[in-house]
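entry14.cif (mmCIF, C-alpha atoms, pLDDT in the B column; chains and numbers go by the auth columns) appears below.
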data_model
#
loop_
_atom_site.group_PDB
_atom_site.id
_atom_site.type_symbol
_atom_site.label_atom_id
_atom_site.label_comp_id
_atom_site.label_asym_id
_atom_site.label_seq_id
_atom_site.Cartn_x
_atom_site.Cartn_y
_atom_site.Cartn_z
_atom_site.B_iso_or_equiv
_atom_site.auth_seq_id
_atom_site.auth_asym_id
ATOM 1 C CA MET A 1 -15.057 6.058 1.094 85.00 1 A
ATOM 2 C CA ARG A 2 -15.168 4.257 4.428 85.00 2 A
ATOM 3 C CA VAL A 3 -13.416 1.696 6.595 86.00 3 A
ATOM 4 C CA ILE A 4 -14.967 -1.651 5.671 87.00 4 A
ATOM 5 C CA SER A 5 -14.160 -3.896 8.629 87.00 5 A
ATOM 6 C CA GLY A 6 -12.495 -4.132 12.016 85.00 6 A
ATOM 7 C CA LEU A 7 -12.094 -1.646 14.856 85.00 7 A
ATOM 8 C CA ALA A 8 -12.981 1.428 12.782 89.00 8 A
ATOM 9 C CA ARG A 9 -15.681 -0.258 10.687 84.00 9 A
ATOM 10 C CA GLY A 10 -18.077 2.157 9.037 82.00 10 A
ATOM 11 C CA ARG A 11 -16.016 5.299 9.717 91.00 11 A
ATOM 12 C CA LYS A 12 -15.977 7.662 6.778 92.00 12 A
ATOM 13 C CA LEU A 13 -12.596 8.589 5.386 92.00 13 A
ATOM 14 C CA ARG A 14 -11.707 11.962 3.999 92.00 14 A
ATOM 15 C CA SER A 15 -10.149 12.193 0.545 89.00 15 A
ATOM 16 C CA LEU A 16 -8.228 14.854 -1.296 84.00 16 A
ATOM 17 C CA GLU A 17 -9.989 17.402 -3.405 76.00 17 A
ATOM 18 C CA GLY A 18 -9.255 17.394 -7.135 61.00 18 A
ATOM 19 C CA ASP A 19 -7.802 14.720 -9.371 54.00 19 A
ATOM 20 C CA HIS A 20 -4.272 14.460 -7.948 55.00 20 A
ATOM 21 C CA THR A 21 -5.127 11.159 -6.260 58.00 21 A
ATOM 22 C CA ARG A 22 -7.197 8.188 -7.307 60.00 22 A
ATOM 23 C CA PRO A 23 -8.818 6.676 -4.208 66.00 23 A
ATOM 24 C CA THR A 24 -9.177 2.895 -4.160 69.00 24 A
ATOM 25 C CA THR A 25 -12.892 2.140 -4.346 71.00 25 A
ATOM 26 C CA ASP A 26 -14.552 0.323 -1.453 73.00 26 A
ATOM 27 C CA ARG A 27 -15.278 -2.625 -3.774 78.00 27 A
ATOM 28 C CA VAL A 28 -11.634 -3.004 -4.782 80.00 28 A
ATOM 29 C CA LYS A 29 -10.450 -2.428 -1.200 82.00 29 A
ATOM 30 C CA GLU A 30 -12.771 -5.141 0.091 87.00 30 A
ATOM 31 C CA SER A 31 -11.490 -7.548 -2.574 86.00 31 A
ATOM 32 C CA VAL A 32 -7.865 -6.722 -1.704 89.00 32 A
ATOM 33 C CA PHE A 33 -8.451 -7.527 1.950 92.00 33 A
ATOM 34 C CA ASN A 34 -10.304 -10.738 1.134 89.00 34 A
ATOM 35 C CA ILE A 35 -7.097 -11.854 -0.600 90.00 35 A
ATOM 36 C CA VAL A 36 -4.512 -10.599 1.910 91.00 36 A
ATOM 37 C CA MET A 37 -6.338 -11.105 5.208 91.00 37 A
ATOM 38 C CA PRO A 38 -3.993 -13.964 6.247 90.00 38 A
ATOM 39 C CA TYR A 39 -1.105 -11.448 6.106 91.00 39 A
ATOM 40 C CA VAL A 40 -2.805 -8.605 8.009 94.00 40 A
ATOM 41 C CA ARG A 41 -3.065 -9.731 11.646 91.00 41 A
ATOM 42 C CA SER A 42 -0.099 -8.350 13.628 92.00 42 A
ATOM 43 C CA ALA A 43 1.550 -7.155 10.401 96.00 43 A
ATOM 44 C CA LYS A 44 4.072 -4.394 10.053 98.00 44 A
ATOM 45 C CA ALA A 45 2.515 -2.601 7.051 97.00 45 A
ATOM 46 C CA LEU A 46 3.753 0.048 4.642 98.00 46 A
ATOM 47 C CA ASP A 47 1.400 2.198 2.551 98.00 47 A
ATOM 48 C CA LEU A 48 3.435 3.816 -0.262 97.00 48 A
ATOM 49 C CA PHE A 49 1.898 6.695 -2.250 96.00 49 A
ATOM 50 C CA ALA A 50 -0.660 6.613 0.544 95.00 50 A
ATOM 51 C CA GLY A 51 -3.059 9.312 -0.741 93.00 51 A
ATOM 52 C CA SER A 52 -5.833 9.372 1.876 93.00 52 A
ATOM 53 C CA GLY A 53 -4.313 6.421 3.743 95.00 53 A
ATOM 54 C CA ALA A 54 -7.345 4.205 3.077 94.00 54 A
ATOM 55 C CA LEU A 55 -5.404 0.959 2.506 95.00 55 A
ATOM 56 C CA GLY A 56 -3.136 1.332 5.525 96.00 56 A
ATOM 57 C CA ILE A 57 -6.023 2.430 7.730 96.00 57 A
ATOM 58 C CA GLU A 58 -8.040 -0.602 6.638 96.00 58 A
ATOM 59 C CA ALA A 59 -5.060 -2.819 7.560 96.00 59 A
ATOM 60 C CA LEU A 60 -4.798 -1.171 10.997 97.00 60 A
ATOM 61 C CA SER A 61 -8.540 -1.518 11.546 96.00 61 A
ATOM 62 C CA ARG A 62 -8.291 -5.240 10.725 95.00 62 A
ATOM 63 C CA GLY A 63 -5.471 -5.939 13.151 95.00 63 A
ATOM 64 C CA ALA A 64 -2.152 -4.842 11.659 97.00 64 A
ATOM 65 C CA GLU A 65 0.324 -4.042 14.415 97.00 65 A
ATOM 66 C CA SER A 66 1.576 -0.877 12.733 97.00 66 A
ATOM 67 C CA CYS A 67 1.546 1.001 9.456 98.00 67 A
ATOM 68 C CA THR A 68 3.898 3.554 7.979 98.00 68 A
ATOM 69 C CA PHE A 69 2.225 5.913 5.510 98.00 69 A
ATOM 70 C CA VAL A 70 4.521 7.502 2.919 98.00 70 A
ATOM 71 C CA GLU A 71 3.246 10.408 0.847 97.00 71 A
ATOM 72 C CA ASN A 72 5.051 13.400 -0.658 95.00 72 A
ATOM 73 C CA SER A 73 2.050 15.757 -0.787 94.00 73 A
ATOM 74 C CA ARG A 74 1.521 17.996 2.236 96.00 74 A
ATOM 75 C CA ALA A 75 -2.235 18.094 1.570 95.00 75 A
ATOM 76 C CA ALA A 76 -2.384 14.285 1.440 95.00 76 A
ATOM 77 C CA VAL A 77 -0.370 13.978 4.660 97.00 77 A
ATOM 78 C CA GLU A 78 -2.874 16.286 6.383 97.00 78 A
ATOM 79 C CA VAL A 79 -5.772 14.114 5.136 96.00 79 A
ATOM 80 C CA ILE A 80 -4.027 10.937 6.354 97.00 80 A
ATOM 81 C CA GLN A 81 -3.463 12.500 9.784 97.00 81 A
ATOM 82 C CA LYS A 82 -7.116 13.573 10.017 97.00 82 A
ATOM 83 C CA ASN A 83 -8.288 10.101 8.942 96.00 83 A
ATOM 84 C CA LEU A 84 -6.057 8.479 11.562 97.00 84 A
ATOM 85 C CA GLU A 85 -7.443 10.842 14.190 97.00 85 A
ATOM 86 C CA ASP A 86 -11.055 10.202 13.105 96.00 86 A
ATOM 87 C CA THR A 87 -10.555 6.424 13.201 96.00 87 A
ATOM 88 C CA ARG A 88 -8.539 6.560 16.453 96.00 88 A
ATOM 89 C CA LEU A 89 -5.813 4.446 14.834 96.00 89 A
ATOM 90 C CA GLY A 90 -3.056 7.052 14.945 95.00 90 A
ATOM 91 C CA VAL A 91 -1.263 5.414 17.869 96.00 91 A
ATOM 92 C CA LYS A 92 -0.286 2.513 15.577 96.00 92 A
ATOM 93 C CA ALA A 93 0.746 4.739 12.671 97.00 93 A
ATOM 94 C CA THR A 94 3.717 6.707 11.435 97.00 94 A
ATOM 95 C CA VAL A 95 3.181 9.289 8.681 98.00 95 A
ATOM 96 C CA ARG A 96 6.159 10.352 6.583 98.00 96 A
ATOM 97 C CA MET A 97 6.041 13.245 4.147 98.00 97 A
ATOM 98 C CA GLN A 98 8.735 11.981 1.831 97.00 98 A
ATOM 99 C CA ASP A 99 9.408 10.707 -1.660 97.00 99 A
ATOM 100 C CA ALA A 100 8.644 6.974 -1.689 97.00 100 A
ATOM 101 C CA LEU A 101 11.899 5.994 -3.396 97.00 101 A
ATOM 102 C CA VAL A 102 13.977 8.007 -0.923 97.00 102 A
ATOM 103 C CA PHE A 103 12.070 6.375 1.925 98.00 103 A
ATOM 104 C CA LEU A 104 12.725 2.888 0.527 98.00 104 A
ATOM 105 C CA GLU A 105 16.448 3.560 0.376 97.00 105 A
ATOM 106 C CA ASN A 106 16.542 4.526 4.056 97.00 106 A
ATOM 107 C CA THR A 107 14.013 2.300 5.834 96.00 107 A
ATOM 108 C CA GLU A 108 14.723 -0.908 7.714 94.00 108 A
ATOM 109 C CA PRO A 109 13.612 -4.286 6.253 94.00 109 A
ATOM 110 C CA GLY A 110 10.857 -6.417 7.718 94.00 110 A
ATOM 111 C CA TYR A 111 7.528 -5.266 6.287 97.00 111 A
ATOM 112 C CA ASP A 112 4.906 -8.014 6.246 97.00 112 A
ATOM 113 C CA LEU A 113 2.544 -6.123 3.970 97.00 113 A
ATOM 114 C CA ILE A 114 3.339 -3.378 1.471 98.00 114 A
ATOM 115 C CA PHE A 115 0.667 -1.465 -0.459 97.00 115 A
ATOM 116 C CA LEU A 116 1.805 0.112 -3.725 96.00 116 A
ATOM 117 C CA ASP A 117 -0.751 2.351 -5.436 92.00 117 A
ATOM 118 C CA PRO A 118 1.263 5.047 -7.238 93.00 118 A
ATOM 119 C CA PRO A 119 0.082 7.353 -10.011 90.00 119 A
ATOM 120 C CA TYR A 120 -0.515 4.938 -12.886 87.00 120 A
ATOM 121 C CA ASP A 121 1.610 6.862 -15.379 86.00 121 A
ATOM 122 C CA GLY A 122 4.340 7.983 -12.991 87.00 122 A
ATOM 123 C CA GLY A 123 6.867 5.276 -13.841 90.00 123 A
ATOM 124 C CA PHE A 124 7.119 4.181 -10.198 94.00 124 A
ATOM 125 C CA TYR A 125 6.359 0.451 -10.373 94.00 125 A
ATOM 126 C CA GLN A 126 9.749 -0.755 -11.603 93.00 126 A
ATOM 127 C CA PRO A 127 11.935 1.400 -9.310 95.00 127 A
ATOM 128 C CA VAL A 128 9.849 0.527 -6.234 95.00 128 A
ATOM 129 C CA LEU A 129 9.872 -3.212 -6.953 95.00 129 A
ATOM 130 C CA ASP A 130 13.608 -3.079 -7.662 93.00 130 A
ATOM 131 C CA ALA A 131 14.293 -1.243 -4.371 95.00 131 A
ATOM 132 C CA VAL A 132 12.130 -3.638 -2.329 95.00 132 A
ATOM 133 C CA ALA A 133 13.915 -6.661 -3.850 94.00 133 A
ATOM 134 C CA ARG A 134 17.428 -5.205 -3.720 93.00 134 A
ATOM 135 C CA ARG A 135 17.109 -4.058 -0.107 94.00 135 A
ATOM 136 C CA GLY A 136 15.122 -7.099 1.082 94.00 136 A
ATOM 137 C CA LEU A 137 12.422 -4.874 2.574 96.00 137 A
ATOM 138 C CA LEU A 138 9.634 -7.461 2.498 95.00 138 A
ATOM 139 C CA ALA A 139 9.633 -10.069 5.278 94.00 139 A
ATOM 140 C CA GLU A 140 10.162 -13.640 4.143 90.00 140 A
ATOM 141 C CA GLU A 141 6.452 -14.535 4.306 92.00 141 A
ATOM 142 C CA GLY A 142 5.265 -11.019 3.405 95.00 142 A
ATOM 143 C CA VAL A 143 3.394 -9.767 0.349 96.00 143 A
ATOM 144 C CA LEU A 144 3.262 -6.614 -1.731 97.00 144 A
ATOM 145 C CA VAL A 145 -0.150 -5.548 -3.044 96.00 145 A
ATOM 146 C CA LEU A 146 0.062 -3.526 -6.228 95.00 146 A
ATOM 147 C CA GLU A 147 -2.792 -1.609 -7.873 93.00 147 A
ATOM 148 C CA LYS A 148 -2.502 -0.788 -11.564 93.00 148 A
ATOM 149 C CA ARG A 149 -4.472 -0.184 -14.717 92.00 149 A
ATOM 150 C CA ALA A 150 -5.988 -3.513 -15.799 92.00 150 A
ATOM 151 C CA GLU A 151 -4.399 -3.386 -19.252 93.00 151 A
ATOM 152 C CA ALA A 152 -0.953 -2.259 -18.068 91.00 152 A
ATOM 153 C CA VAL A 153 1.831 -4.800 -18.457 90.00 153 A
ATOM 154 C CA LEU A 154 4.571 -4.732 -15.841 89.00 154 A
ATOM 155 C CA GLU A 155 8.081 -6.008 -16.293 86.00 155 A
ATOM 156 C CA LEU A 156 8.809 -7.682 -12.999 89.00 156 A
ATOM 157 C CA PRO A 157 12.286 -8.185 -11.566 86.00 157 A
ATOM 158 C CA GLU A 158 13.483 -11.787 -11.377 88.00 158 A
ATOM 159 C CA ALA A 159 13.030 -11.743 -7.588 89.00 159 A
ATOM 160 C CA VAL A 160 9.264 -11.133 -7.915 92.00 160 A
ATOM 161 C CA THR A 161 6.604 -13.859 -8.035 93.00 161 A
ATOM 162 C CA ILE A 162 2.925 -13.180 -8.779 95.00 162 A
ATOM 163 C CA LEU A 163 0.760 -14.926 -6.192 95.00 163 A
ATOM 164 C CA LYS A 164 -2.630 -13.620 -7.360 94.00 164 A
ATOM 165 C CA GLU A 165 -3.982 -11.210 -9.927 94.00 165 A
ATOM 166 C CA ARG A 166 -7.555 -9.982 -10.080 93.00 166 A
ATOM 167 C CA LYS A 167 -9.250 -7.473 -12.394 93.00 167 A
ATOM 168 C CA TYR A 168 -12.064 -5.167 -11.325 89.00 168 A
ATOM 169 C CA GLY A 169 -13.207 -3.173 -14.339 89.00 169 A
ATOM 170 C CA LYS A 170 -10.336 -0.857 -15.294 90.00 170 A
ATOM 171 C CA THR A 171 -8.322 -1.718 -12.177 90.00 171 A
ATOM 172 C CA ALA A 172 -6.131 -4.741 -11.460 93.00 172 A
ATOM 173 C CA ILE A 173 -4.786 -5.899 -8.127 94.00 173 A
ATOM 174 C CA VAL A 174 -1.610 -7.964 -8.143 95.00 174 A
ATOM 175 C CA VAL A 175 -0.319 -9.697 -5.016 95.00 175 A
ATOM 176 C CA LEU A 176 3.422 -10.340 -5.149 95.00 176 A
ATOM 177 C CA ALA A 177 6.053 -12.176 -3.163 94.00 177 A
ATOM 178 C CA ILE A 178 9.518 -10.649 -3.409 91.00 178 A
ATOM 179 C CA ARG A 179 12.662 -12.375 -2.284 84.00 179 A
ATOM 180 C CA LYS A 180 15.806 -10.419 -1.577 79.00 180 A
ATOM 181 C CA GLU A 181 18.075 -10.314 -4.600 70.00 181 A
ATOM 182 C CA GLU A 182 21.394 -11.995 -4.001 65.00 182 A
ATOM 183 C CA THR A 183 24.473 -9.942 -4.734 54.00 183 A
ATOM 184 C CA ILE A 184 27.632 -11.505 -6.076 46.00 184 A
#
Rewritten as structure tokens:
Amino acid sequence: MRVISGLARGRKLRSLEGDHTRPTTDRVKESVFNIVMPYVRSAKALDLFAGSGALGIEALSRGAESCTFVENSRAAVEVIQKNLEDTRLGVKATVRMQDALVFLENTEPGYDLIFLDPPYDGGFYQPVLDAVARRGLLAEEGVLVLEKRAEAVLELPEAVTILKERKYGKTAIVVLAIRKEETI
């Protein structure tokens, strides 16, 4: 696993030992950034369920202004911090060891780019999308990039619009726009 483009191009990234995380392959990561590149420059990014931090680090390398990495595993947080140090991108990063849903309930709105790559069978997609829509966390022109099993069907909140969906073998990438839900 490596940084594909930008300031840290070619730098190898560490990953966690074992099968607790599922790193995004370089092929899928490159495809994701081909789709979302217009949203990356000067973006305020959020990498939820960050694992090794590969998606957020790629965004920083390609010109994102900042990235917040949220991960609840101490071992993963240590890997993210080492990867940020190795890539020299740590000055533009914040790493939070916290449950993603708790973080979403307490963070300020205004993210231009959100990466969502949770454990496939963890039941996180719906609650995260609901929280992002309810709290208006995505900037008006921002996008959320979701990685899922290709065959998985998601029930999307009414506030969510699919902009693009691509399949890469057993993996699918879905790019979403999410408007803030109106309360009555």
Item to check | Spatial neighbours of Arg134 of chain A, max dist 6 Å, only C-alpha atoms, sep filter under 2 positions, as number ranges by chain | outcome: A: 130-132, 136, 180-181
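Of the residues under consideration (A:Ala150, A:Met1, A:Ala45, A:Leu137), A:Ala45 shows the shortest atom-to-atom contact distance to Thr94 of chain A when counting all atoms listed in the file.
Residue nearest Ile35 of chain A, chosen from A:Val145, A:Leu156, A:Thr171, A:Pro118 and counting only C-alpha atoms: A:Val145.
Across the model, the gap from atom CA of Gly53 of chain A to atom CA of Gln81 of chain A is 8.6 Å.
Evaluated against this file, the PyMOL selection byres ((chain A and resi 69) around 7) yields Leu46, Asp47, Leu48, Ala50, Gly53, Cys67, Thr68, Val70, Glu71, Thr94, Val95 and Arg96 of chain A.
Residues in contact with segment 73-79 of chain A at up to 10 Å, not including ones fewer than 5 positions away on its chain and judged by all atoms listed in the file, are Leu13, Arg14, Ser15, Leu16, Glu17, His20, Thr21, Phe49, Ala50, Gly51, Ser52, Gly53, Leu84, Glu85, Val95, Arg96, Met97, Gln98 and Asp99 of chain A.
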Can segment 41-52 of chain A be brought up to all heavy atoms and written out as an mmCIF file, in the coordinates of the input?
data_model
loop_
_atom_site.group_PDB
_atom_site.id
_atom_site.type_symbol
_atom_site.label_atom_id
_atom_site.label_comp_id
_atom_site.auth_asym_id
_atom_site.auth_seq_id
_atom_site.Cartn_x
_atom_site.Cartn_y
_atom_site.Cartn_z
ATOM 1 N N ARG A 41 -3.108 -9.683 10.187
ATOM 2 C CA ARG A 41 -3.065 -9.731 11.646
ATOM 3 C C ARG A 41 -1.635 -9.599 12.149
ATOM 4 O O ARG A 41 -0.754 -10.322 11.726
ATOM 5 C CB ARG A 41 -3.708 -11.018 12.160
ATOM 6 C CG ARG A 41 -3.706 -11.099 13.635
ATOM 7 C CD ARG A 41 -5.008 -11.352 14.349
ATOM 8 N NE ARG A 41 -6.257 -11.194 13.692
ATOM 9 C CZ ARG A 41 -7.056 -10.140 13.871
ATOM 10 N NH1 ARG A 41 -6.672 -9.140 14.631
ATOM 11 N NH2 ARG A 41 -8.215 -10.089 13.292
ATOM 12 N N SER A 42 -1.405 -8.637 13.009
ATOM 13 C CA SER A 42 -0.099 -8.350 13.628
ATOM 14 C C SER A 42 0.982 -7.945 12.630
ATOM 15 O O SER A 42 2.173 -8.012 12.939
ATOM 16 C CB SER A 42 0.385 -9.548 14.456
ATOM 17 O OG SER A 42 -0.543 -9.837 15.471
ATOM 18 N N ALA A 43 0.584 -7.523 11.441
ATOM 19 C CA ALA A 43 1.550 -7.155 10.401
ATOM 20 C C ALA A 43 2.189 -5.797 10.655
ATOM 21 O O ALA A 43 1.585 -4.902 11.234
ATOM 22 C CB ALA A 43 0.859 -7.116 9.035
ATOM 23 N N LYS A 44 3.403 -5.686 10.170
ATOM 24 C CA LYS A 44 4.072 -4.394 10.053
ATOM 25 C C LYS A 44 3.818 -3.982 8.597
ATOM 26 O O LYS A 44 4.347 -4.598 7.674
ATOM 27 C CB LYS A 44 5.567 -4.547 10.336
ATOM 28 C CG LYS A 44 6.347 -3.263 10.205
ATOM 29 C CD LYS A 44 7.830 -3.506 10.470
ATOM 30 C CE LYS A 44 8.635 -2.252 10.217
ATOM 31 N NZ LYS A 44 10.079 -2.518 10.321
ATOM 32 N N ALA A 45 2.956 -2.979 8.394
ATOM 33 C CA ALA A 45 2.515 -2.601 7.051
ATOM 34 C C ALA A 45 3.173 -1.304 6.595
ATOM 35 O O ALA A 45 3.602 -0.480 7.405
ATOM 36 C CB ALA A 45 0.991 -2.458 7.023
ATOM 37 N N LEU A 46 3.213 -1.145 5.279
ATOM 38 C CA LEU A 46 3.753 0.048 4.642
ATOM 39 C C LEU A 46 2.797 0.441 3.528
ATOM 40 O O LEU A 46 2.490 -0.370 2.655
ATOM 41 C CB LEU A 46 5.152 -0.238 4.071
ATOM 42 C CG LEU A 46 5.812 0.854 3.234
ATOM 43 C CD1 LEU A 46 6.020 2.123 4.056
ATOM 44 C CD2 LEU A 46 7.154 0.341 2.688
ATOM 45 N N ASP A 47 2.309 1.676 3.569
ATOM 46 C CA ASP A 47 1.400 2.198 2.551
ATOM 47 C C ASP A 47 2.151 3.274 1.773
ATOM 48 O O ASP A 47 2.284 4.406 2.231
ATOM 49 C CB ASP A 47 0.146 2.760 3.226
ATOM 50 C CG ASP A 47 -0.980 3.092 2.263
ATOM 51 O OD1 ASP A 47 -0.748 3.087 1.038
ATOM 52 O OD2 ASP A 47 -2.099 3.370 2.748
ATOM 53 N N LEU A 48 2.680 2.888 0.594
ATOM 54 C CA LEU A 48 3.435 3.816 -0.262
ATOM 55 C C LEU A 48 2.485 4.573 -1.173
ATOM 56 O O LEU A 48 1.515 3.997 -1.663
ATOM 57 C CB LEU A 48 4.439 3.040 -1.123
ATOM 58 C CG LEU A 48 5.577 2.366 -0.377
ATOM 59 C CD1 LEU A 48 6.350 1.454 -1.318
ATOM 60 C CD2 LEU A 48 6.510 3.414 0.230
ATOM 61 N N PHE A 49 2.787 5.847 -1.451
ATOM 62 C CA PHE A 49 1.898 6.695 -2.250
ATOM 63 C C PHE A 49 0.519 6.638 -1.597
ATOM 64 O O PHE A 49 -0.486 6.347 -2.228
ATOM 65 C CB PHE A 49 1.841 6.227 -3.706
ATOM 66 C CG PHE A 49 3.188 6.152 -4.365
ATOM 67 C CD1 PHE A 49 3.931 4.982 -4.356
ATOM 68 C CD2 PHE A 49 3.731 7.261 -4.996
ATOM 69 C CE1 PHE A 49 5.180 4.910 -4.950
ATOM 70 C CE2 PHE A 49 4.981 7.206 -5.599
ATOM 71 C CZ PHE A 49 5.709 6.023 -5.574
ATOM 72 N N ALA A 50 0.486 6.909 -0.310
ATOM 73 C CA ALA A 50 -0.660 6.613 0.544
ATOM 74 C C ALA A 50 -1.934 7.386 0.219
ATOM 75 O O ALA A 50 -3.020 6.925 0.552
ATOM 76 C CB ALA A 50 -0.280 6.834 2.006
ATOM 77 N N GLY A 51 -1.841 8.550 -0.421
ATOM 78 C CA GLY A 51 -3.059 9.312 -0.741
ATOM 79 C C GLY A 51 -3.822 9.669 0.508
ATOM 80 O O GLY A 51 -3.338 10.404 1.366
ATOM 81 N N SER A 52 -5.017 9.118 0.680
ATOM 82 C CA SER A 52 -5.833 9.372 1.876
ATOM 83 C C SER A 52 -5.480 8.426 3.018
ATOM 84 O O SER A 52 -5.973 8.592 4.131
ATOM 85 C CB SER A 52 -7.315 9.210 1.535
ATOM 86 O OG SER A 52 -7.591 7.850 1.227
#
